[in-house]
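Structure record follows, encoded as structure tokens.
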Amino acid sequence: MRLYTPLKSNSLKIMLLGSGELGKEVAIEAGRLGVEVVAVDSYANAPAHLVSNRAYIIDMKNEEEILEIIRREKPSYILPEIEAINIDALFKAEKEGFCVIPNADAVSKTMNRKKIRIFAAEELCVKTSKYRFIKNFMQLEEAAKEIGFPCVVKPVMSSSGHGQSIAENENDLKISWQKAKEARGDSSELIVEEFIDFDYEITLLTVKNGKTTKFCKPIGHIQKDGDYIYSWQPMQMSDKALKSAQDMAKKVTDALGGRGIFGVEFFVKADEVYFSELSPRPHDTGMVTMITQSQSEFALHIRAILGLNIDFHFYGKGASAAYKSDVESVKPSFEIDENLLDENTVLRIFAKPVAHIGRRMAVILCYGEEALENAKNKIKQIRGVA
């Protein structure tokens with residue numbers, strides 16, 4: 001394997017389609033291996049723009065704008081880092097000989113809950129909750145009665161859990177319908193899922209470099225409205241449940257193909273494991289690996305893409321807590337307690353150019369036996385300044 005220097009005629013080059021906080025960490029890790037980074041997003045000064053060799057601002061849903069940038073830059077690898085993207089552009093880029101990570105078909109399947117659920121449950125026979133797809137409110141009422149209450153209602157396409165809710169009874173269906181239809185992304189079709197009374201849910205980071213598959217230790221997480229609040233690693237689970245999750249993750253990712261890291265989500269009830277969703281890229285709950293592992297999920301992603309060794313060492317217990325802005329500001333700033341940072345605590349400010357109430361702006365990472373409790377306490381010591 002030969003590595004190169006950025007900004008040369010023979011440079012290895014990645015193009016990030018989506019340049020948020022996860023893309024920023026991918027860009028940093030790529031740069032450490034001499035990979036040239038081109039960061040693309042729909043707004044100026046996105047987090048990965050700030051640490052890349054070049055940055056572009058385009059309409060991420062516009063096929064021709066995406067293809068024009070790809071043809072101009074001729075990247076070695078194209079990394080779709082968000083779900084709100086024109087998928088036809090990726091298929092066309094592949095036909096023109098460009099390498100999409102993990103591949104355009106995998107991105108297409110996983111960005112759409114209908115496609116990935118049918119693929120996993122019906123084609124691969126992986127265990128999932130019961131589900132129905134609906135397009136109007138009458139179908140929602142019928143599906144909810146058939147599946148039973150409580151049930152989960154989501155758009156088939158949305159990012160970071162937007163538009164997801166739990167309907168406890170018939171009276172909640174109108175609220176769930178409205179919330180799903182107002183979500184960013186494609187809400188023309190919704191999925192209604194059986195609510196699994198699970199004990200916990202996990203993300204199993206699955207890494208593939210074209211030769212082997214490796215698993216990070218399972219990550220437990222707590223979500224609110226479909227968006228993660230806390231995550232911790234490792235999540236304690238039975239050997240039987242972990243083996244089931246690993247087998248399912250490998251089965252699905254093998255079938256999708258390609259290289260890189262996959263964030264595979266599961267619900268777990270005792271020893272029963274249910275496949276939930278999958279992201280073919282670093283996962284927000286996986287930010288905890290920046291303090292628990294010798295190679296974070298971002299470093300492993302780049303190594304896997306380049307076909308390098310994906311071994312790593314797990315240091316020990318850690319946790320993350322997301323800081324969401326409580327103010328509106330075009331000049332985001334943060335007040336922190338003077339004792340916030342210590343030998344077991346790391347703060348990562350994403351450097352997003354604008355703060356909105358509820359927008360994820362930073363993450364606290366804690367290490368040690370009391371990592372989760374410390375992360376929950378320390379995140380309260382960050383205050384946004386209007």
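Quick note on naming: the chains in the structure tokens go A, B, ... in the order shown, residues restart at 1 in each chain, and ligands are numbered from 1 in order of appearance.
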
Residues of segment 60-137 of chain A that have any atom at most 10 Å from an atom of segment 236-249 of chain A: could you tabulate them with the shortest-distance atom pair and the distance in Å to one decimal, using only C-alpha atoms, ordered by chain and increasing number, as a Markdown table?
| residue | atom | partner | partner_atom | distance |
| --- | --- | --- | --- | --- |
| A:Ala120 | CA | A:Met248 | CA | 9.2 |
| A:Leu124 | CA | A:Met248 | CA | 9.3 |
| A:Cys125 | CA | A:Met248 | CA | 9.6 |
| A:Val126 | CA | A:Met248 | CA | 6.6 |
| A:Lys127 | CA | A:Met248 | CA | 8.5 |

Margin query: Among segment 63-242 of chain A, which residues does DSSP mark as strand (DSSP E or B) when it is run on the backbone? Keep the chain and numbering as in the structure and answer as a PyMOL selection string.
Written below: chain A and resi 77-80+100+131-134+151-155+165-167+190-194+200-208+213-215+219-224+227-233

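With atom CA of Thr206 of chain A on one side and atom CA of Phe262 of chain A on the other, the separation reads 5.1 Å.
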
Would you kindly return, as a PDB file with C-alpha atoms, in the first residue's frame, each protein, DNA or RNA residue with an atom no farther than 9 Å from any atom of segment 161-165 of chain A, considering only C-alpha atoms and excluding same-chain residues fewer than 6 positions away?
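Final output, part20.pdb:
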ATOM      1  CA  CYS A 151     -46.431   1.591  17.714  1.00  0.00           C
ATOM      2  CA  VAL A 152     -43.607   3.627  16.202  1.00  0.00           C
ATOM      3  CA  VAL A 153     -44.275   5.967  13.272  1.00  0.00           C
ATOM      4  CA  LYS A 154     -41.406   7.248  11.092  1.00  0.00           C
ATOM      5  CA  PRO A 155     -40.853   8.709   7.622  1.00  0.00           C
ATOM      6  CA  ILE A 175     -49.813  13.891  16.242  1.00  0.00           C
ATOM      7  CA  SER A 176     -47.510  11.161  14.931  1.00  0.00           C
ATOM      8  CA  TRP A 177     -48.796  11.706  11.400  1.00  0.00           C
ATOM      9  CA  GLN A 178     -48.167  15.435  11.575  1.00  0.00           C
ATOM     10  CA  LYS A 179     -44.718  15.041  13.103  1.00  0.00           C
ATOM     11  CA  ALA A 180     -43.644  12.558  10.442  1.00  0.00           C
ATOM     12  CA  LYS A 181     -44.980  14.662   7.573  1.00  0.00           C
ATOM     13  CA  GLU A 182     -43.155  17.752   8.838  1.00  0.00           C
ATOM     14  CA  ALA A 183     -39.781  16.012   9.110  1.00  0.00           C
ATOM     15  CA  ARG A 184     -36.929  17.010   6.845  1.00  0.00           C
ATOM     16  CA  GLY A 185     -36.385  14.449   4.119  1.00  0.00           C
ATOM     17  CA  SER A 187     -42.106  11.944   4.138  1.00  0.00           C
ATOM     18  CA  GLN A 223     -32.397   8.447  22.339  1.00  0.00           C
ATOM     19  CA  LYS A 224     -35.009  11.148  22.524  1.00  0.00           C
ATOM     20  CA  ASP A 225     -37.303  11.709  19.537  1.00  0.00           C
ATOM     21  CA  GLY A 226     -35.051   9.401  17.535  1.00  0.00           C
ATOM     22  CA  ASP A 227     -31.881  11.421  18.195  1.00  0.00           C
ATOM     23  CA  TYR A 228     -29.124  10.209  20.481  1.00  0.00           C
TER      24      TYR A 228
END

Item to check | Sel. of alpha helix (DSSP H) residues, segment 99-320 of chain A, as JSON, numbers by chain | outcome: {"A": [104, 105, 106, 107, 108, 109, 110, 113, 114, 115, 116, 117, 137, 138, 139, 140, 141, 142, 143, 144, 145, 146, 147, 173, 174, 175, 176, 177, 178, 179, 180, 181, 239, 240, 241, 242, 243, 244, 245, 246, 247, 248, 249, 250, 251, 252, 253, 254, 255, 256, 289, 290, 291, 292, 297, 298, 299, 300, 301, 302, 303, 304, 305, 306]}

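Taking only C-alpha atoms into account, Thr110 of chain A lies nearest to A:Gly263 out of the set A:Gly220, A:Gly384, A:Gly97, A:Gly263.
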
Exercise for review: Just the residues within 9 Å of Leu16 of chain A, please, counting only C-alpha atoms, with nothing from its chain fewer than 5 positions along; format it as a PyMOL selection string.
Suggested key: chain A and resi 23+26-27+37-41+48+77-81

Can I get the selected residues back with N, CA and C atoms, as a PDB file, in the first residue's frame?
ATOM      1  N   GLY A  23     -18.306  13.987   9.602  1.00  0.00           N
ATOM      2  CA  GLY A  23     -17.420  14.200   8.468  1.00  0.00           C
ATOM      3  C   GLY A  23     -16.143  14.922   8.860  1.00  0.00           C
ATOM      4  N   VAL A  26     -13.762  12.394  10.182  1.00  0.00           N
ATOM      5  CA  VAL A  26     -13.261  11.590   9.063  1.00  0.00           C
ATOM      6  C   VAL A  26     -12.178  12.360   8.317  1.00  0.00           C
ATOM      7  N   ALA A  27     -12.417  13.653   8.079  1.00  0.00           N
ATOM      8  CA  ALA A  27     -11.437  14.482   7.375  1.00  0.00           C
ATOM      9  C   ALA A  27     -10.120  14.559   8.141  1.00  0.00           C
ATOM     10  N   VAL A  37      -8.480  15.940   1.124  1.00  0.00           N
ATOM     11  CA  VAL A  37      -9.898  15.931   1.477  1.00  0.00           C
ATOM     12  C   VAL A  37     -10.626  17.091   0.820  1.00  0.00           C
ATOM     13  N   VAL A  38     -11.704  16.758   0.127  1.00  0.00           N
ATOM     14  CA  VAL A  38     -12.611  17.752  -0.462  1.00  0.00           C
ATOM     15  C   VAL A  38     -13.942  17.619   0.262  1.00  0.00           C
ATOM     16  N   ALA A  39     -14.378  18.675   0.920  1.00  0.00           N
ATOM     17  CA  ALA A  39     -15.599  18.633   1.733  1.00  0.00           C
ATOM     18  C   ALA A  39     -16.714  19.411   1.046  1.00  0.00           C
ATOM     19  N   VAL A  40     -17.864  18.771   0.917  1.00  0.00           N
ATOM     20  CA  VAL A  40     -19.002  19.353   0.212  1.00  0.00           C
ATOM     21  C   VAL A  40     -20.215  19.362   1.133  1.00  0.00           C
ATOM     22  N   ASP A  41     -20.925  20.481   1.166  1.00  0.00           N
ATOM     23  CA  ASP A  41     -22.161  20.548   1.941  1.00  0.00           C
ATOM     24  C   ASP A  41     -23.024  21.663   1.381  1.00  0.00           C
ATOM     25  N   ALA A  48     -16.606  20.089   8.599  1.00  0.00           N
ATOM     26  CA  ALA A  48     -15.514  19.478   7.831  1.00  0.00           C
ATOM     27  C   ALA A  48     -14.874  20.453   6.850  1.00  0.00           C
ATOM     28  N   TYR A  77     -12.114   8.306  -3.775  1.00  0.00           N
ATOM     29  CA  TYR A  77     -13.239   7.716  -3.060  1.00  0.00           C
ATOM     30  C   TYR A  77     -14.265   8.802  -2.756  1.00  0.00           C
ATOM     31  N   ILE A  78     -15.535   8.454  -2.930  1.00  0.00           N
ATOM     32  CA  ILE A  78     -16.645   9.360  -2.606  1.00  0.00           C
ATOM     33  C   ILE A  78     -17.324   8.817  -1.360  1.00  0.00           C
ATOM     34  N   LEU A  79     -17.421   9.651  -0.311  1.00  0.00           N
ATOM     35  CA  LEU A  79     -17.992   9.226   0.962  1.00  0.00           C
ATOM     36  C   LEU A  79     -19.277   9.999   1.241  1.00  0.00           C
ATOM     37  N   PRO A  80     -20.445   9.417   0.957  1.00  0.00           N
ATOM     38  CA  PRO A  80     -21.707  10.073   1.342  1.00  0.00           C
ATOM     39  C   PRO A  80     -21.827  10.060   2.862  1.00  0.00           C
ATOM     40  N   GLU A  81     -21.869  11.240   3.469  1.00  0.00           N
ATOM     41  CA  GLU A  81     -21.873  11.346   4.925  1.00  0.00           C
ATOM     42  C   GLU A  81     -23.224  11.762   5.485  1.00  0.00           C
TER      43      GLU A  81
END

Using only C-alpha atoms, the residue out of A:Phe149, A:Tyr230, A:Phe267, A:Phe215 with shortest distance to Phe312 of chain A is A:Phe215

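Between atom CA of Ile69 of chain A and atom CA of Phe91 of chain A the interatomic distance comes to 14.8 Å.
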
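Distances to His301 of chain A were evaluated for A:Met1, A:Leu140, A:Met235, A:Leu22 using only C-alpha atoms, and the minimum falls at A:Leu22.
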
What are the closest atom pairs, with distances in Å to one decimal, for each residue of segment 205-314 of chain A lying within 9 Å of segment 318-340 of chain A, using only C-alpha atoms, rows by chain and rising residue number, as CSV?
residue,atom,partner,partner_atom,distance
A:Tyr228,CA,A:Ala322,CA,7.5
A:Ile229,CA,A:Ala322,CA,5.4
A:Tyr230,CA,A:Ala321,CA,4.6
A:Ser231,CA,A:Ser320,CA,5.2
A:Trp232,CA,A:Ala319,CA,4.0
A:Gln233,CA,A:Gly318,CA,5.5
A:Pro234,CA,A:Gly318,CA,7.6
A:Thr285,CA,A:Ser320,CA,7.8
A:Gly286,CA,A:Ser320,CA,8.7
A:Met287,CA,A:Ser320,CA,7.0
A:Val288,CA,A:Ser320,CA,5.2
A:Thr289,CA,A:Gly318,CA,7.9
A:Ile291,CA,A:Gly318,CA,6.6
A:Thr292,CA,A:Gly318,CA,5.6

re atom CA of Pro280 of chain A and atom CA of Lys92 of chain A: distance 19.0 Å

Near Asn209 of chain A, within 9 Å and counting only C-alpha atoms, which residues show up once chain neighbours fewer than 3 positions away are dropped, as an mmCIF file with N, CA and C atoms, in the first residue's frame?
data_model
loop_
_atom_site.group_PDB
_atom_site.id
_atom_site.type_symbol
_atom_site.label_atom_id
_atom_site.label_comp_id
_atom_site.auth_asym_id
_atom_site.auth_seq_id
_atom_site.Cartn_x
_atom_site.Cartn_y
_atom_site.Cartn_z
ATOM 1 N N THR A 212 -11.433 -8.694 5.762
ATOM 2 C CA THR A 212 -11.925 -9.208 7.040
ATOM 3 C C THR A 212 -12.988 -8.286 7.604
ATOM 4 N N THR A 213 -13.723 -8.805 8.575
ATOM 5 C CA THR A 213 -14.731 -8.022 9.290
ATOM 6 C C THR A 213 -14.380 -7.986 10.766
ATOM 7 N N LYS A 214 -14.385 -6.794 11.358
ATOM 8 C CA LYS A 214 -14.120 -6.623 12.786
ATOM 9 C C LYS A 214 -15.306 -5.906 13.425
ATOM 10 N N GLY A 258 -18.905 -3.748 -0.132
ATOM 11 C CA GLY A 258 -18.112 -2.546 0.028
ATOM 12 C C GLY A 258 -17.267 -2.537 1.289
ATOM 13 N N ARG A 259 -16.531 -1.428 1.451
ATOM 14 C CA ARG A 259 -15.621 -1.266 2.578
ATOM 15 C C ARG A 259 -16.015 -0.069 3.429
ATOM 16 N N GLY A 260 -15.439 -0.036 4.626
ATOM 17 C CA GLY A 260 -15.714 1.072 5.527
ATOM 18 C C GLY A 260 -16.351 0.592 6.814
ATOM 19 N N ILE A 261 -16.881 1.538 7.576
ATOM 20 C CA ILE A 261 -17.539 1.204 8.838
ATOM 21 C C ILE A 261 -19.049 1.325 8.672
ATOM 22 N N HIS A 301 -12.704 3.812 9.799
ATOM 23 C CA HIS A 301 -13.382 4.029 8.522
ATOM 24 C C HIS A 301 -12.362 4.298 7.420
ATOM 25 N N ARG A 303 -9.062 3.695 7.469
ATOM 26 C CA ARG A 303 -8.206 2.518 7.284
ATOM 27 C C ARG A 303 -8.895 1.467 6.430
ATOM 28 N N ALA A 304 -10.164 1.213 6.723
ATOM 29 C CA ALA A 304 -10.902 0.183 5.980
ATOM 30 C C ALA A 304 -11.042 0.571 4.513
ATOM 31 N N ILE A 305 -11.349 1.850 4.255
ATOM 32 C CA ILE A 305 -11.494 2.316 2.874
ATOM 33 C C ILE A 305 -10.207 2.101 2.092
ATOM 34 N N LEU A 306 -9.073 2.374 2.739
ATOM 35 C CA LEU A 306 -7.776 2.237 2.075
ATOM 36 C C LEU A 306 -7.281 0.788 2.033
ATOM 37 N N GLY A 307 -8.029 -0.126 2.659
ATOM 38 C CA GLY A 307 -7.627 -1.528 2.666
ATOM 39 C C GLY A 307 -6.524 -1.838 3.651
ATOM 40 N N LEU A 308 -6.358 -0.976 4.671
ATOM 41 C CA LEU A 308 -5.316 -1.169 5.667
ATOM 42 C C LEU A 308 -5.802 -2.072 6.805
ATOM 43 N N ASN A 309 -4.861 -2.431 7.676
ATOM 44 C CA ASN A 309 -5.188 -3.236 8.847
ATOM 45 C C ASN A 309 -6.205 -2.510 9.726
ATOM 46 N N ILE A 310 -7.206 -3.230 10.225
ATOM 47 C CA ILE A 310 -8.254 -2.611 11.040
ATOM 48 C C ILE A 310 -8.266 -3.144 12.468
#
